[in-house]
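Engineer: Below: one structure in structure tokens.
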Amino acid sequence: MHPFRAAAEARDIDAIEALLADEVVFTSPVAFKPYPGKAITLAILRAVMRVFEDFTYAREIADPGGRDHALVFTAKVGGRAVHGCDFLHFDEDGRIDDLTVMVRPLSAAQALAEAMGAQFERIAREAQQAMEAQAVAEAEARG
């Protein structure tokens with residue numbers, strides 16, 4: 001079982017964070033613009049954990065070269081069945097630098113967009129707090 005799959009199924013956001021590159025880019029199934037950075041990606045993934053019900057991965061598809069991985073999942077959101085896939089790309093250090101999510105059917109994508117839209121202010125607040133904490137930690141490290 002892939003470590004990202006294990007962490008996501010366990011809803012272990014700390015384990016997920018450890019797998020992400022600082023420059024990770026998250027591409028949403030319901031938003032046009034990608035979201036760059038670990039802080040926003042983690043905030044979005046926390047929100048997904050709040051809105052998805054009965055989330056489970058059904059299978060894994062791996063690139064023989066090891067830099068790409070696909071995880072097929074099922075879940076429910078707003079009472080709608082969701083079938084989707086997380087596409088992971090790994091950098092040279094083995095961390096996820098690109099996470100793209102796709103979902104179907106359209107009615108489930110619309111329900112997901114609505115549920116995530118309701119989370120938007122919290123997502124933005126959590127991402128901002130994480131970026132501020134990181135900036136403080138970096139300033140303290142420079143001394």
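FYI, nothing fancy with the structure tokens labels: chains A, B, ... in order, residues from 1 per chain, ligands from 1 as they appear.
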Would you return as a PyMOL selection string the members of chain A that DSSP assigns to strand (DSSP E or B) on this structure's backbone?
Structural biologist: chain A and resi 20-27+35-36+53-62+68-77+80-90+96-104
Engineer: Using only C-alpha atoms, which protein or nucleic acid residues come within 10 Å of A:Arg95? Drop anything in the same chain fewer than 6 positions from it, and give the result as a PyMOL selection string.
Structural biologist: chain A and resi 17-24+67+88-89
Engineer: If we count only C-alpha atoms, what is near A:Gln134 at a cut-off of 12 Å, once residues fewer than 5 positions away on the same chain are taken out, given as a PyMOL selection string?
Structural biologist: chain A and resi 22+37-39+127-129+139-141
Engineer: Those residues with N, CA, C and O atoms, as a compact mmCIF listing (two decimals), in the first residue's frame please?
Structural biologist:
# COMPACT_ATOMS: atom_id res chain seq x y z
N ASP A 22 7.54 21.05 -0.47
CA ASP A 22 7.14 22.41 -0.13
C ASP A 22 6.48 23.11 -1.31
O ASP A 22 5.57 23.90 -1.14
N GLY A 37 1.75 25.31 -3.35
CA GLY A 37 2.26 25.42 -1.99
C GLY A 37 1.68 24.40 -1.03
O GLY A 37 0.54 23.96 -1.18
N LYS A 38 2.50 24.05 -0.06
CA LYS A 38 2.11 23.03 0.91
C LYS A 38 0.97 23.52 1.82
O LYS A 38 0.05 22.78 2.13
N ALA A 39 1.02 24.79 2.24
CA ALA A 39 0.02 25.31 3.17
C ALA A 39 -1.39 25.22 2.60
O ALA A 39 -2.31 24.71 3.26
N ALA A 127 -4.68 28.12 5.62
CA ALA A 127 -3.49 28.25 4.78
C ALA A 127 -2.68 29.48 5.21
O ALA A 127 -1.45 29.42 5.32
N GLN A 128 -3.36 30.59 5.47
CA GLN A 128 -2.67 31.81 5.90
C GLN A 128 -1.97 31.60 7.23
O GLN A 128 -0.82 32.01 7.40
N GLN A 129 -2.64 30.96 8.18
CA GLN A 129 -2.03 30.69 9.48
C GLN A 129 -0.79 29.80 9.33
O GLN A 129 0.22 30.03 9.99
N ALA A 139 12.29 32.62 10.31
CA ALA A 139 12.97 33.79 10.88
C ALA A 139 13.73 33.41 12.16
O ALA A 139 14.85 33.86 12.37
N GLU A 140 13.12 32.57 12.98
CA GLU A 140 13.78 32.13 14.21
C GLU A 140 15.00 31.27 13.89
O GLU A 140 16.01 31.34 14.59
N ALA A 141 14.90 30.46 12.84
CA ALA A 141 16.02 29.60 12.46
C ALA A 141 17.21 30.44 11.96
O ALA A 141 18.36 30.05 12.18
Engineer: Just want the 12 Å neighbourhood of A:Ala62, counted on only C-alpha atoms, with same-chain residues fewer than 6 positions away dropped. Output as a PDB file with N, CA, C and O atoms, in the first residue's frame.
Structural biologist:
ATOM      1  N   MET A   1       0.852  -1.181   0.000  1.00  0.00           N
ATOM      2  CA  MET A   1       0.000   0.000   0.000  1.00  0.00           C
ATOM      3  C   MET A   1       0.899   1.246   0.000  1.00  0.00           C
ATOM      4  O   MET A   1       1.843   1.337   0.769  1.00  0.00           O
ATOM      5  N   HIS A   2       0.568   2.185  -0.868  1.00  0.00           N
ATOM      6  CA  HIS A   2       1.348   3.406  -0.959  1.00  0.00           C
ATOM      7  C   HIS A   2       1.192   4.232   0.326  1.00  0.00           C
ATOM      8  O   HIS A   2       0.102   4.292   0.900  1.00  0.00           O
ATOM      9  N   ASP A  68       5.263   8.439 -10.851  1.00  0.00           N
ATOM     10  CA  ASP A  68       3.834   8.726 -10.984  1.00  0.00           C
ATOM     11  C   ASP A  68       3.026   7.597 -10.368  1.00  0.00           C
ATOM     12  O   ASP A  68       3.392   6.430 -10.457  1.00  0.00           O
ATOM     13  N   HIS A  69       1.919   7.985  -9.730  1.00  0.00           N
ATOM     14  CA  HIS A  69       1.066   7.017  -9.064  1.00  0.00           C
ATOM     15  C   HIS A  69      -0.371   7.517  -9.169  1.00  0.00           C
ATOM     16  O   HIS A  69      -0.612   8.721  -9.069  1.00  0.00           O
ATOM     17  N   ALA A  70      -1.305   6.614  -9.365  1.00  0.00           N
ATOM     18  CA  ALA A  70      -2.720   6.960  -9.406  1.00  0.00           C
ATOM     19  C   ALA A  70      -3.449   6.119  -8.364  1.00  0.00           C
ATOM     20  O   ALA A  70      -3.212   4.913  -8.253  1.00  0.00           O
ATOM     21  N   LEU A  71      -4.311   6.779  -7.608  1.00  0.00           N
ATOM     22  CA  LEU A  71      -5.098   6.107  -6.578  1.00  0.00           C
ATOM     23  C   LEU A  71      -6.573   6.336  -6.875  1.00  0.00           C
ATOM     24  O   LEU A  71      -7.066   7.467  -6.810  1.00  0.00           O
ATOM     25  N   VAL A  72      -7.283   5.279  -7.216  1.00  0.00           N
ATOM     26  CA  VAL A  72      -8.704   5.348  -7.553  1.00  0.00           C
ATOM     27  C   VAL A  72      -9.503   5.257  -6.257  1.00  0.00           C
ATOM     28  O   VAL A  72      -9.258   4.380  -5.434  1.00  0.00           O
ATOM     29  N   ASP A  86      -6.808  10.219  -7.562  1.00  0.00           N
ATOM     30  CA  ASP A  86      -5.727  11.121  -7.176  1.00  0.00           C
ATOM     31  C   ASP A  86      -4.514  10.751  -8.017  1.00  0.00           C
ATOM     32  O   ASP A  86      -4.077   9.592  -7.999  1.00  0.00           O
ATOM     33  N   PHE A  87      -3.990  11.713  -8.757  1.00  0.00           N
ATOM     34  CA  PHE A  87      -2.787  11.507  -9.550  1.00  0.00           C
ATOM     35  C   PHE A  87      -1.632  12.177  -8.826  1.00  0.00           C
ATOM     36  O   PHE A  87      -1.658  13.393  -8.600  1.00  0.00           O
ATOM     37  N   LEU A  88      -0.642  11.397  -8.452  1.00  0.00           N
ATOM     38  CA  LEU A  88       0.503  11.894  -7.698  1.00  0.00           C
ATOM     39  C   LEU A  88       1.743  11.868  -8.581  1.00  0.00           C
ATOM     40  O   LEU A  88       1.989  10.883  -9.278  1.00  0.00           O
ATOM     41  N   HIS A  89       2.527  12.932  -8.520  1.00  0.00           N
ATOM     42  CA  HIS A  89       3.841  12.948  -9.162  1.00  0.00           C
ATOM     43  C   HIS A  89       4.866  13.237  -8.077  1.00  0.00           C
ATOM     44  O   HIS A  89       4.628  14.059  -7.192  1.00  0.00           O
ATOM     45  N   PHE A  90       5.991  12.555  -8.159  1.00  0.00           N
ATOM     46  CA  PHE A  90       7.021  12.666  -7.133  1.00  0.00           C
ATOM     47  C   PHE A  90       8.258  13.358  -7.674  1.00  0.00           C
ATOM     48  O   PHE A  90       8.689  13.097  -8.800  1.00  0.00           O
TER      49      PHE A  90
END
Engineer: Once DSSP has gone over the backbone, tell me which residues of chain A are in helix (DSSP H, G or I), as a VMD selection string.
Structural biologist: chain A and resid 3 to 9 13 to 19 38 to 51 106 to 118 120 to 142
Engineer: Would you please work out which residue, of A:Asp63, A:Leu45, A:Glu132, A:Val30, is nearest to A:Gly117 when using only C-alpha atoms?
Structural biologist: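 Smallest separation from A:Gly117 among the options: A:Val30.
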Engineer: Between atom CA of A:Ser28 and atom CA of A:Gly94, what is the distance, to one decimal in Å?
Structural biologist: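 Rounded to one decimal, the two atoms are 21.9 Å apart.
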Engineer: In Å, rounded to a single decimal, give me how far atom CA of A:Pro29 is from atom CA of A:Pro105.
Structural biologist: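 Spanning atom CA of A:Pro105 to atom CA of A:Pro29 is a straight-line distance of 11.3 Å.
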Engineer: Please identify all polymer residues within 8 Å of stretch 106-114 of chain A, counting only C-alpha atoms, omitting same-chain residues fewer than 2 positions from it, and present them as a PyMOL selection string.
Structural biologist: chain A and resi 29-30+51+77-78+80-82+103-104+116-118
